Structures are given as structure tokens and as C-alpha cells.
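For reference, the structure discussed in these notes is given below.
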Amino acid sequence: MKRTLKIISLSFLVTIVLFTRVVADEGMWLVSLLNEINYKSIKDKGIELELEELFSLDQLSLKDAIVALDGGSCTGTVVSSNGLLLTNHHCGYSEIQEHSSVEHDYLRDGFWAKNYNEELPNPGKSVSFLIDVKDVTDEVNKLKTKQLKNGAKHPNMMRIRRLMAREAVKGTHYNAEVHSVYNGNGYYLFIYETYKDVRLVAAPPSDIGNFGGETDNWEWPRHTADFTFFRVYTAPDGSPAEYSEENVPLKSKKHLKINASGISEGDFSFIMGFPGKTKRYITSYAIDEIINISTPISIEMRNKKLDVMRKAMAESNQIKIKYASKFSGLSNYWKYDMGQRECLIRYNTIDDKRELEKEFQTWANSDNNLNETYGNVLNIIQEAYKNKAKLTQTVKYYNEAVLMGPEIIKFSMRMKRLKKALEDNKLDKNKLEKNIDQLIATYESLYKDYDVHVDKQIFIVLLQHFVNHVDRSTLPEEFTSIAKDYNWDMKQLADDVYSQTIFSDLSKVKSYLKNLTIDSDISDVSINIAYPLMSKAISLNQEESKYEKVIHTANKTFVKGLLEMNPDKLYYPDANSTMRLTYGNVGGYIAKDAVKYNYQTTFEGVIEKNNSDSVIYHIPKKLKSLYQSKDYGDYDASGVLNTCFLTNHDITGGNSGSSVLNAKGEIIGLAFDGNWEAMSGDIAFIPEKQKCINVDIRYVLFIIDKFANAQNIINELTIINK
């Protein structure tokens with residue numbers, strides 16, 4: 001008999017598939033559905049909290065101390081009654097870098113505010129508390145039907161989701177988002193309270209907070225104290241507010257305790273956070289594209305860009321500070337791409353997907369009604385990927401070389417937008433002056449972390465590789481004409497562009513802008529290069545998006561079929577920057593033949609890795625002195641200071657900064673990385689390999705207390721030693 005699936009009742013579906021069994025520790029579970037899943041399984045695993053203590057919309061619960069930073073780029077935890085927030089060092093890296101200078105190098109020396117007055121504001125940074133969650137699948141489907149009845153060929157999902165979010169918080173100070181689950185087969189409304197005055201409180205030197213740098217990134221064993229403290233501020237009445245000197249520290253509704261009594265192998269632990277994005281329901285055709293087309297291009301292009309930065313940063317401390325955040329972010333994803341591709345190949349993930357698709361096709365062909373709905377869906381996906389393969393390759397080169405290429409292209413495009421506004425008579429004198437003031441402020445911010453010589457070298461290496469590898473028939477005529485004049489030599493082109501452009505110096509840009517009038521004809525040699533390339537890049541991306549829409553629609557049907565085909569199998573929606581729970585245990589793993597890793601590292605390993613000639617393995621003299629004297633305070637275990645540990649939690653980007661919690665919901669560490677042997681985890685969970693790398697909270701406390709002597713922070717925390 002054919003099974004019937006009522007997709008619009010996602011909560012009912014989740015109840016059915018999750019009450020059956022729980023295997024391994026795979027899964028990033030929507031916390032709002034915890035009352036509908038088999039919570040007994042989590043209790044059996046070891047959690048001591050009741051469900052209402054963990055997550056509740058009607059009373060204070062643990063979720064009220066867990067926050068999304070910057071819309072979900074990282075996770076943080078409230079750890080005091082005065083809005084003190086704990087997260088990763090790399091989650092605050094850009095703010096630490098922004099406040100750094102050659103005279104006050106907080107990246108090198110660390111930063112420790114001794115009181116509220118010394119805490120540093122960070123325009124643009126935000127902290128969001130989850131207030132409410134609602135299943136709005138029915139409402140979304142009604143709006144989709146209404147659009148189609150009104151003549152739309154396809155429903156405008158972005159418009160629908162924005163409209164619903166806006167209406168949900170109308171007349172309040174809250175903000176809202178509508179997210180899809182199961183690839184568009186269901187929708188949930190998430191309501192947040194967002195605070196925008198977030199100040200830097202403390203951060204260790206990068207030699208501690210980023211110990212091991214590029215080399216240790218995504219690797220185990222680790223010895224990194226990856227932590228930073230921020231504080232949330234409010235208006236005097238307690239409401240969210242933009243930065244003001246009159247603002248006061250948040251009076252926290254809920255903050256978590258820190259347990260410094262230590263951990264043991266096998267201990268139950270869990271994480272609540274905001275994982276960014278997984279793609280565990282993509283098909284073999286998507287994986288083939290990742291392995292053979294898109295990822296190899298991103299790896300080669302980013303490696304060239306990193307080489308330029310790396311060399312320049314080694315030669316100048318000023319450039320090192322300017323490019324620290326850019327380099328860190330770029331190198332992180334460059335290495336991630338390499339690891340993901342390697343693991344997808346090593347574990348034959350594409351063959352596993354093909355087996356599933358074969359099973360799906362057999363099931364779809366087993367019944368006429370099923371065949372009508374699902375029989376052709378995989379063929380549609382396969383055909384779309386086949387038809388866009390060449391285009392995807394071209395788009396990837398454009399994206400890496402142009403959209404994410406030399407910054408002079410972005411500088412030029414900002415000026416081009418002003419030029420177009422003038423040409424279209426959209427600006428009067430007052431509006432022009434306002435635009436100019438805003439543009440000058442933007443350029444001042446951008447040039448703070450910009451070096452024209454570095455950017456020129458990036459221009460040369462990226463554009464040269466670009467023109468040598470992209471199909472030149474896809475290049476815009478304006479650029480082709482210029483490139484031919486230089487015999488396709490991008491160094492010669494760069495020599496002229498960077499010597500003639502106003503963007504070679506901020507003072508030239510400001511002078512140029514201040515002398516503009518309504519009748520001015522804005523022109524610059526860099527615009528002649530940037531505009532045609534950027535326009536073409538946008539056009540090609542739009543062309544590819546047509547195929548992506550076909551794939552998305554078909555993939556939605558595919559996932560719907562998977563849920564219907566396997567009603568007793570565990571399925572969870574892909575991560576999408578909404579609050580999730582993952583749980584498991586502390587433990588090591590076998591990395592490969594004859595290589596078995598312990599579940600924790602110690603301070604001894606920091607000293608073993610220490611190398612005064614190595615930038616990434618250098619440690620401050622005081623840290624070495626503390627080791628030599630074995631002055632570990634209250635944070636050692638029988639004379640041994642633990643640094644990092646492993647759990648088998650299922651995490652991804654966005655979980656960075658998430659607190660690792662024990663069975664009582666007390667902080668025992670901070671999640672900050674995954675392991676090299678499971679880099680394909682965003683696409684396929686590897687139960688026997690997948691590990692979450694965490695800094696031990698005792699090492700964090702040791703750095704605060706013994707290294708930084710920041711007793712004001714220690715005194716503010718609620719610490720349990722036994």
C-alpha cells in the first residue's frame with residue numbers, strides 16, 4: 001500500500017521519525033522540536049536536565065543564555081549576571097584586529113579590560129537571543145498558492161519569508177526570520193531580541209588564542225586557548241540600543257555556571273548553538289561538481305592570494321595587522337575546501353549517494369502514483385548539473401578573481417554606483433553631498449586594512465591565472481580589448497592601473513570626492529577594468545542561478561520522497577543558522593591505521609610545539625615561565641594542566657564559540673574546530689571519525705587567572721570546582 005505523507009505537518013513528521021530510535025550521535029536537532037522527539041534517549045545518554053530546563057518558550061531555560069553572534073556567524077554564552085559573553089578568539093578576531101595598531105597590537109599582546117570603562121565598542125557587531133519559534137508551513141503554503149493564483153509562474157519565496165517575518169514583529173523591537181527545513185518542505189518562524197552594543201572585554205594574545213595557526217587548523221592534537229569575552233550593553237531602561245556612553249551592562253535573565261572539576265573519557269556532554277549550513281541531502285551529481293569543478297578552482301585561486309598575503313605579512317608588522325583578519329578567514333576556508341574534497345574522495349561519498357539514489361529510483365518505480373511524483377526527479381537533477389558544468393567552471397573563476405579578487409575592484413564599483421546615480425539624475429546637490437560623506441566614511445574604514453602594494457600583487461596573480469584558464473570568449477569585450485593591448489600580461493596592466501588610479505591612495509580618493517559636483521563626469525582607469533568584469537560576473541551568476549532553481553525544486557521533491565520512503569529512519573533538517581542541539585560523549589578516535597588519538601591534550605604539548613623561530617608556534621615568555629614553575633593555580637589535575645579535548649558532537653561553522661556543557665548544563669569547554677579526518681562532515685557524517693575539538697575550560701580559566709591576572713573576570717564568573 002502506498003504511504004501518504006502530509007508534508008505541511010512537519011512537526012508531526014519529525015515526531016514520527018524520531019520517536020523510533022536514536023543511533024550514534026549524528027544530528028543537529030532543532031531545539032524547538034525537543035518536546036516532540038524521544039527526549040528519553042537523551043536522558044538515557046546521560047543528561048540530568050529536565051526538558052523545560054533545557055528549552056522552554058514559557059519560562060527561563062538554558063536556551064536563554066545561548067546567543068547568536070552577528071546573525072549566526074558564531075555562538076556565544078552568557079556567563080555572568082552583567083551580560084558577560086564567552087565565545088571563541090576567532091569569533092572576535094576581526095574586532096581585535098580592528099582595535100589593533102602598531103602602537104597597541106592587541107593581536108600580539110592580548111587585551112584585558114580591567115573595568116567597564118576600558119571595554120571597547122564594536123560597531124556592527126550584534127548578539128541575538130531566541131524568543132519564540134513557530135511552525136508556519138501552512139501559512140507559507142497559502143501565500144505561495146495566492147501568488148500562483150495571481151499569475152506568478154513561480155512563488156517568490158524570498159518575498160514571502162520577508163513579509164511573514166516583518167508582519168510577525170510589527171510594532172515590536174524584535175526581529176524575525178523565516179527558515180525552511182527539509183529543503184523547502186517546511187518553514188519555521190524564529191523571533192529574536194537583538195542587541196547592537198557589544199563591547200570587547202578580553203582576549204588572549206594570538207600566540208595563545210590562535211596557537212598553531214594555519215598548520216594546526218582543522219587538526220588534532222590541538223593546544224589552542226580559543227576564547228574571547230564580550231559584554232552586551234543596553235539602554236538605561238534595559239532595552240536594546242545602538243552604542244551610547246550612557247548604555248549599561250545587560251542584566252542577564254540567565255547565565256551559565258562554569259565547571260572546573262575536569263572531564264573523563266566517556267562523559268556525557270552536549271552543545272546548543274547556531275550551526276551555519278550543512279548539505280547532507282545533496283545528490284551524487286552535486287558532489288561530483290564539488291570534487292571535480294568548483295573546489296579545485298577555489299583551492300588554486302585562494303592559495304595564490306594567500307601566498308601574496310603571507311609573504312607581505314612576514315615582511316611588515318603593519319601589514320600583518322592590516323591583513324590578519326582577511327588572511328585568517330581566507331586560509332580557514334581554503335584549508336576546509338582541501339580537507340572536504342579529500343574526505344569526499346577517501347570515503348567514496350559519491351558512491352554512497354549513488355546507492356541511495358538507486359534505492360530511491362527503485363522505490364519510485366514500484367508504484368504508478370509514486371512514479372508520477374518522484375520517478376523523474378533524479379533525471380532532472382542530473383540533466384541540470386550536466387548542462388551547467390561548463391558555466392559553473394567559468395562562474396567559479398569569475399567569483400574568485402573578480403567578486404572576491406583584488407580590493408581595487410570593489411573600491412571602483414562603489415564609485416561606479418555614484419557615477420550611475422549622477423548619470424541617471426537621481427541626486428541633487430544635497431543628496432550628492434550626503435552620498436559623498438557616506439562614501440568617504442566607507443573608504444576610510446576600508447583603507448584602514450588595505451595596502452596598495454599587496455593589492456597590486458593580488459591583482460597580478462589572480463587576474464593572470466584567470467585570463468590563462470577561463471574561456472576567453474566569456475570575457476567582456478571592453479576588458480578583452482584592454483588585455484590585448486597589454487598582450488594579456490596582467491603585470492603590465494597592473495603597473496599602469498595602480499600608478500594612474502586615484503585608489504592608490506586614500507587622500508586622492510577623498511580629494512577627488514570632495515571636488516565632485518552634480519555635473520562631474522566620474523572616471524578612473526580602474527573603473528574601466530572593474531565594471532565590465534563585475535557586470536559579466538553578475539550576469540554569469542544569474543545565468544547559473546536558473547539551473548540552481550531547477551535543482552532546488554527537484555531536490556525538494558527528492559527529500560520529500562526520502563522521508564516518505566524511509567519513515568522509520570532518523571532525519572533532521574540541514575543546519576541553517578537556527579538554534580540546534582547535538583549531544584554525545586567525550587572520547588578519542590582512531591585516525592588511521594596504527595594512529596589512535598587520546599581524547600585530551602595537555603600543557604606539555606604546548607611546550608613541545610613551542611618554537612621561537614616559528615610564528616605559529618611561538619608562546620609568550622610568561623606562559624613558558626608558568627610551565628616551568630608548574631604554577632597552574634586551581635586548574636590542574638594532579639599536576640597536569642589540560643588544554644583541549646574531543647567529543648563526538650555533530651557541529652559545523654556557526655557552532656564556533658558554542659559552550660560544551662556537562663550533564664547538568666555547566667560549561668566544561670568551548671567548541672572551536674572539527675578534525676581533518678572528517679572534513680566531509682557538512683555533506684556526510686562519519687560516525688567513526690567525526691570529532692568536535694574543544695578548549696578545556698580549565699585552560700581558559702588558567703590563562704585568565706594566572707597569565708593575564710584578570711581577577712575582575714574570574715570574580716564575575718560562577719565557577720564550580722567540584
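Going by the C-alpha cells order, chains are called A, B, ..., each with residues numbered from 1, while ligands are numbered from 1 in the order shown.
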Quick one: contact table of segment 481-581 of chain A to segment 61-84 of chain A, 12 Å max, nearest atom pair and distance in Å to one decimal per residue, counting only C-alpha atoms, chain and number order, as a tab-separated table?
```
residue	atom	partner	partner_atom	distance
A:Ala575	CA	A:Gly72	CA	11.1
A:Asn576	CA	A:Gly72	CA	8.9
A:Ser577	CA	A:Gly72	CA	5.3
A:Thr578	CA	A:Gly72	CA	7.6
A:Met579	CA	A:Ala68	CA	8.3
A:Arg580	CA	A:Lys63	CA	10.0
A:Leu581	CA	A:Lys63	CA	10.1
```
Which residues, written as an NGL selection string, have at least one atom at most 12 Å from Val178 of chain A, with only C-alpha atoms counted and residues fewer than 5 positions away on the same chain left out? :A and (132-137 or 139-140 or 157-169 or 184 or 186-192 or 576-578)
Those of segment 161-304 of chain A in DSSP strand (DSSP E or B), formatted as JSON, numbers by chain: {"A": [175, 176, 177, 178, 179, 180, 181, 186, 187, 188, 189, 190, 191, 192, 193, 194, 195, 197, 198, 199, 200, 201, 202, 203, 228, 229, 230, 231, 232, 233, 234, 248, 249, 258, 259, 268, 269, 270, 271, 272, 273]}
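Using only C-alpha atoms for every distance, the candidate list A:Gly46, A:Gly273, A:Pro205, A:Gly605 yields A:Pro205 as the residue closest to Ala225 of chain A.
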Which distance in Å separates atom CA of Ala389 of chain A and atom CA of Ser294 of chain A, to one decimal?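 Computing it gives 9.5 Å between the two atoms.
Counting only C-alpha atoms and comparing A:Glu214, A:Asp138, A:Glu245, A:Asp673, the residue that lies closest to Phe645 of chain A is A:Asp673.
Of the residues listed (A:Leu432, A:Ile704, A:Ala663, A:Cys644), A:Cys644 shows the shortest atom-to-atom separation from His223 of chain A; distances use only C-alpha atoms.
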Nearby residues (only C-alpha atoms) at most 9 Å from segment 452-463 of chain A, same-chain spacing under 2 positions excluded, as JSON, numbers by chain: {"A": [301, 302, 304, 305, 306, 308, 309, 312, 319, 400, 401, 402, 405, 406, 407, 408, 450, 465, 466, 467, 468, 489, 490, 491, 492, 493, 494, 495, 498, 503, 504, 505]}
Keeping only N, CA and C atoms, take the residues you just selected and write them out as an mmCIF file, in the first residue's frame.
```
data_model
loop_
_atom_site.group_PDB
_atom_site.id
_atom_site.type_symbol
_atom_site.label_atom_id
_atom_site.label_comp_id
_atom_site.auth_asym_id
_atom_site.auth_seq_id
_atom_site.Cartn_x
_atom_site.Cartn_y
_atom_site.Cartn_z
ATOM 1 N N MET A 301 42.964 29.201 -6.610
ATOM 2 C CA MET A 301 42.910 30.658 -6.626
ATOM 3 C C MET A 301 43.194 31.247 -5.246
ATOM 4 N N ARG A 302 42.611 30.649 -4.215
ATOM 5 C CA ARG A 302 42.822 31.168 -2.868
ATOM 6 C C ARG A 302 44.247 30.938 -2.390
ATOM 7 N N LYS A 304 46.878 31.129 -4.231
ATOM 8 C CA LYS A 304 47.678 32.196 -4.835
ATOM 9 C C LYS A 304 47.517 33.505 -4.055
ATOM 10 N N LYS A 305 46.292 33.789 -3.673
ATOM 11 C CA LYS A 305 46.021 35.006 -2.907
ATOM 12 C C LYS A 305 46.690 34.937 -1.538
ATOM 13 N N LEU A 306 46.610 33.792 -0.896
ATOM 14 C CA LEU A 306 47.230 33.611 0.418
ATOM 15 C C LEU A 306 48.743 33.743 0.352
ATOM 16 N N VAL A 308 50.481 35.643 -1.546
ATOM 17 C CA VAL A 308 50.815 37.069 -1.592
ATOM 18 C C VAL A 308 50.716 37.669 -0.193
ATOM 19 N N MET A 309 49.605 37.404 0.476
ATOM 20 C CA MET A 309 49.408 37.942 1.826
ATOM 21 C C MET A 309 50.473 37.433 2.783
ATOM 22 N N ALA A 312 53.825 39.181 2.321
ATOM 23 C CA ALA A 312 53.784 40.583 2.736
ATOM 24 C C ALA A 312 53.681 40.711 4.253
ATOM 25 N N ILE A 319 51.520 45.516 7.944
ATOM 26 C CA ILE A 319 50.690 44.746 7.011
ATOM 27 C C ILE A 319 50.133 43.503 7.697
ATOM 28 N N GLU A 400 36.127 33.980 -7.913
ATOM 29 C CA GLU A 400 37.387 34.029 -7.168
ATOM 30 C C GLU A 400 38.262 35.197 -7.612
ATOM 31 N N ALA A 401 38.283 35.482 -8.901
ATOM 32 C CA ALA A 401 39.185 36.516 -9.424
ATOM 33 C C ALA A 401 38.580 37.912 -9.390
ATOM 34 N N VAL A 402 37.261 38.002 -9.487
ATOM 35 C CA VAL A 402 36.600 39.307 -9.596
ATOM 36 C C VAL A 402 35.803 39.640 -8.329
ATOM 37 N N GLY A 405 38.179 39.085 -5.571
ATOM 38 C CA GLY A 405 39.535 39.344 -6.022
ATOM 39 C C GLY A 405 40.165 40.575 -5.405
ATOM 40 N N PRO A 406 40.986 41.300 -6.161
ATOM 41 C CA PRO A 406 41.653 42.490 -5.625
ATOM 42 C C PRO A 406 40.641 43.527 -5.166
ATOM 43 N N GLU A 407 40.967 44.203 -4.089
ATOM 44 C CA GLU A 407 40.013 45.141 -3.488
ATOM 45 C C GLU A 407 39.792 46.376 -4.346
ATOM 46 N N ILE A 408 40.697 46.655 -5.239
ATOM 47 C CA ILE A 408 40.522 47.819 -6.108
ATOM 48 C C ILE A 408 39.254 47.682 -6.952
ATOM 49 N N TYR A 450 44.079 48.142 4.362
ATOM 50 C CA TYR A 450 44.406 47.988 2.943
ATOM 51 C C TYR A 450 45.825 48.458 2.669
ATOM 52 N N HIS A 465 46.083 34.308 -13.659
ATOM 53 C CA HIS A 465 45.571 32.933 -13.646
ATOM 54 C C HIS A 465 44.181 32.878 -14.273
ATOM 55 N N PHE A 466 43.401 33.882 -14.006
ATOM 56 C CA PHE A 466 42.048 33.980 -14.542
ATOM 57 C C PHE A 466 42.051 34.001 -16.072
ATOM 58 N N VAL A 467 42.805 34.907 -16.664
ATOM 59 C CA VAL A 467 42.791 35.023 -18.129
ATOM 60 C C VAL A 467 43.462 33.839 -18.805
ATOM 61 N N ASN A 468 44.343 33.154 -18.078
ATOM 62 C CA ASN A 468 45.021 31.982 -18.646
ATOM 63 C C ASN A 468 44.154 30.725 -18.616
ATOM 64 N N ASP A 489 49.287 40.415 -20.503
ATOM 65 C CA ASP A 489 50.238 40.434 -19.382
ATOM 66 C C ASP A 489 49.630 41.290 -18.260
ATOM 67 N N MET A 490 49.165 40.645 -17.229
ATOM 68 C CA MET A 490 48.461 41.357 -16.170
ATOM 69 C C MET A 490 49.405 42.183 -15.293
ATOM 70 N N LYS A 491 50.680 41.876 -15.297
ATOM 71 C CA LYS A 491 51.624 42.707 -14.540
ATOM 72 C C LYS A 491 51.763 44.072 -15.191
ATOM 73 N N GLN A 492 51.886 44.076 -16.516
ATOM 74 C CA GLN A 492 51.981 45.360 -17.216
ATOM 75 C C GLN A 492 50.699 46.168 -17.025
ATOM 76 N N LEU A 493 49.573 45.474 -17.095
ATOM 77 C CA LEU A 493 48.295 46.158 -16.898
ATOM 78 C C LEU A 493 48.233 46.735 -15.485
ATOM 79 N N ALA A 494 48.634 45.941 -14.496
ATOM 80 C CA ALA A 494 48.592 46.397 -13.104
ATOM 81 C C ALA A 494 49.520 47.580 -12.883
ATOM 82 N N ASP A 495 50.671 47.574 -13.508
ATOM 83 C CA ASP A 495 51.609 48.693 -13.367
ATOM 84 C C ASP A 495 50.949 50.008 -13.762
ATOM 85 N N TYR A 498 47.539 50.743 -11.303
ATOM 86 C CA TYR A 498 47.817 51.168 -9.933
ATOM 87 C C TYR A 498 48.641 52.461 -9.873
ATOM 88 N N PHE A 503 42.652 55.336 -6.574
ATOM 89 C CA PHE A 503 42.509 54.404 -5.459
ATOM 90 C C PHE A 503 43.844 53.899 -4.917
ATOM 91 N N SER A 504 44.933 54.412 -5.466
ATOM 92 C CA SER A 504 46.243 54.040 -4.935
ATOM 93 C C SER A 504 46.511 54.702 -3.589
ATOM 94 N N ASP A 505 45.676 55.713 -3.250
ATOM 95 C CA ASP A 505 45.914 56.448 -2.002
ATOM 96 C C ASP A 505 44.592 57.031 -1.500
#
```
How far is it from atom CA of Asn365 of chain A to atom CA of Ala384 of chain A, in Å with one decimal?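 Atom CA of Asn365 of chain A sits 21.4 Å away from atom CA of Ala384 of chain A.
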Tell me which protein, DNA and RNA residues are within 12 Å of Asn721 of chain A, counting only C-alpha atoms, leaving out same-chain ones fewer than 4 positions away, and put them as a list in words. Lys257, Ile258, Asn259, Ala260, Ser261, Gly262, Ile263, Gly633, Asp634, Tyr635, Asp636, Ala637, Glu666, Ile667, Ile668, Ile697, Arg698 and Leu701 of chain A
Fewer than 3 positions away in the same chain doesn't count, so skip those; otherwise give me all residues within 8 Å of Glu119 of chain A, counting only C-alpha atoms, as a list in words. Ala113, Asn115, Tyr116, Arg199, Leu200 and Val201 of chain A
Those residues you just picked out, can you put them in a file as an mmCIF file, in the first residue's frame with N, CA and C atoms?
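Contents of out.cif, as written:
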```cif
data_model
loop_
_atom_site.group_PDB
_atom_site.id
_atom_site.type_symbol
_atom_site.label_atom_id
_atom_site.label_comp_id
_atom_site.auth_asym_id
_atom_site.auth_seq_id
_atom_site.Cartn_x
_atom_site.Cartn_y
_atom_site.Cartn_z
ATOM 1 N N ALA A 113 40.388 44.234 29.588
ATOM 2 C CA ALA A 113 39.785 45.404 30.221
ATOM 3 C C ALA A 113 39.659 45.150 31.724
ATOM 4 N N ASN A 115 37.922 47.219 33.766
ATOM 5 C CA ASN A 115 36.629 47.707 34.237
ATOM 6 C C ASN A 115 35.766 48.044 33.024
ATOM 7 N N TYR A 116 34.525 48.412 33.273
ATOM 8 C CA TYR A 116 33.595 48.713 32.185
ATOM 9 C C TYR A 116 34.113 49.821 31.270
ATOM 10 N N ARG A 199 30.614 44.993 23.398
ATOM 11 C CA ARG A 199 31.959 45.529 23.622
ATOM 12 C C ARG A 199 32.970 44.437 23.945
ATOM 13 N N LEU A 200 34.167 44.627 23.423
ATOM 14 C CA LEU A 200 35.261 43.694 23.671
ATOM 15 C C LEU A 200 35.755 43.854 25.098
ATOM 16 N N VAL A 201 35.825 42.726 25.821
ATOM 17 C CA VAL A 201 36.233 42.731 27.225
ATOM 18 C C VAL A 201 37.626 42.135 27.395
#
```
In Å, rounded to a single decimal, give me how far atom CA of Pro236 of chain A is from atom CA of Val248 of chain A.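 Distance between the two atoms: 5.9 Å.
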Near Ser284 of chain A, counting only C-alpha atoms, which residues have an atom at most 9 Å away, once you skip same-chain residues fewer than 5 positions from it, shown as a VMD selection string? chain A and resid 289 349 to 354 357 382
If you keep N, CA and C atoms, can you produce a file of those selected residues as a PDB file, in the first residue's frame?
```pdb
ATOM      1  N   GLU A 289      30.253  17.693  -8.812  1.00  0.00           N
ATOM      2  CA  GLU A 289      30.611  19.074  -9.143  1.00  0.00           C
ATOM      3  C   GLU A 289      31.601  19.637  -8.125  1.00  0.00           C
ATOM      4  N   THR A 349      32.104   9.009  -0.820  1.00  0.00           N
ATOM      5  CA  THR A 349      30.788   9.557  -0.511  1.00  0.00           C
ATOM      6  C   THR A 349      29.872   9.557  -1.729  1.00  0.00           C
ATOM      7  N   ILE A 350      30.448   9.769  -2.876  1.00  0.00           N
ATOM      8  CA  ILE A 350      29.633   9.829  -4.091  1.00  0.00           C
ATOM      9  C   ILE A 350      28.997   8.472  -4.384  1.00  0.00           C
ATOM     10  N   ASP A 351      29.723   7.384  -4.070  1.00  0.00           N
ATOM     11  CA  ASP A 351      29.157   6.048  -4.288  1.00  0.00           C
ATOM     12  C   ASP A 351      28.035   5.759  -3.299  1.00  0.00           C
ATOM     13  N   ASP A 352      28.199   6.236  -2.060  1.00  0.00           N
ATOM     14  CA  ASP A 352      27.125   6.066  -1.076  1.00  0.00           C
ATOM     15  C   ASP A 352      25.860   6.775  -1.541  1.00  0.00           C
ATOM     16  N   LYS A 353      26.034   7.981  -2.091  1.00  0.00           N
ATOM     17  CA  LYS A 353      24.884   8.728  -2.593  1.00  0.00           C
ATOM     18  C   LYS A 353      24.238   8.004  -3.772  1.00  0.00           C
ATOM     19  N   ARG A 354      25.073   7.436  -4.633  1.00  0.00           N
ATOM     20  CA  ARG A 354      24.526   6.722  -5.795  1.00  0.00           C
ATOM     21  C   ARG A 354      23.720   5.496  -5.380  1.00  0.00           C
ATOM     22  N   GLU A 357      20.443   6.775  -4.225  1.00  0.00           N
ATOM     23  CA  GLU A 357      19.643   7.212  -5.372  1.00  0.00           C
ATOM     24  C   GLU A 357      19.105   6.019  -6.157  1.00  0.00           C
ATOM     25  N   GLN A 382      20.187  15.454 -12.576  1.00  0.00           N
ATOM     26  CA  GLN A 382      21.361  15.058 -13.360  1.00  0.00           C
ATOM     27  C   GLN A 382      21.520  15.930 -14.605  1.00  0.00           C
TER      28      GLN A 382
END
```
Near segment 228-230 of chain A, counting only C-alpha atoms, which residues have an atom at most 8 Å away, once you skip same-chain residues fewer than 2 positions from it, shown as JSON, numbers by chain? {"A": [84, 85, 86, 87, 88, 89, 91, 92, 198, 199, 200, 201, 202, 203, 204, 226, 232]}
Print the selection's residues with C-alpha atoms to a file, as a PDB file, in the first residue's frame.
```
ATOM      1  CA  LEU A  84      29.450  38.958  30.052  1.00  0.00           C
ATOM      2  CA  LEU A  85      29.667  36.773  26.976  1.00  0.00           C
ATOM      3  CA  LEU A  86      32.088  33.914  26.262  1.00  0.00           C
ATOM      4  CA  THR A  87      32.920  32.829  22.714  1.00  0.00           C
ATOM      5  CA  ASN A  88      35.935  31.893  20.576  1.00  0.00           C
ATOM      6  CA  HIS A  89      39.016  34.019  19.924  1.00  0.00           C
ATOM      7  CA  CYS A  91      34.879  34.793  16.590  1.00  0.00           C
ATOM      8  CA  GLY A  92      36.255  38.072  17.926  1.00  0.00           C
ATOM      9  CA  VAL A 198      28.584  44.643  22.114  1.00  0.00           C
ATOM     10  CA  ARG A 199      31.959  45.529  23.622  1.00  0.00           C
ATOM     11  CA  LEU A 200      35.261  43.694  23.671  1.00  0.00           C
ATOM     12  CA  VAL A 201      36.233  42.731  27.225  1.00  0.00           C
ATOM     13  CA  ALA A 202      39.151  40.334  26.973  1.00  0.00           C
ATOM     14  CA  ALA A 203      41.185  38.314  24.506  1.00  0.00           C
ATOM     15  CA  PRO A 204      44.450  36.394  24.885  1.00  0.00           C
ATOM     16  CA  ASP A 226      40.481  29.794  21.547  1.00  0.00           C
ATOM     17  CA  VAL A 232      26.288  43.102  25.956  1.00  0.00           C
TER      18      VAL A 232
END
```
Choose the residue, out of A:Thr145, A:Ser445, A:Thr602, A:Asn611, that has the smallest atom-to-atom separation from Gly639 of chain A; count only C-alpha atoms. A:Thr602
Of the residues A:Gln542, A:Asn662, A:Asn348, A:Ser328, which is the one nearest to Gly584 of chain A, using only C-alpha atoms? A:Asn662
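Taking only C-alpha atoms into account, Asp696 of chain A lies nearest to A:Leu646 out of the set A:Leu646, A:Ala684, A:Val640, A:Val497.
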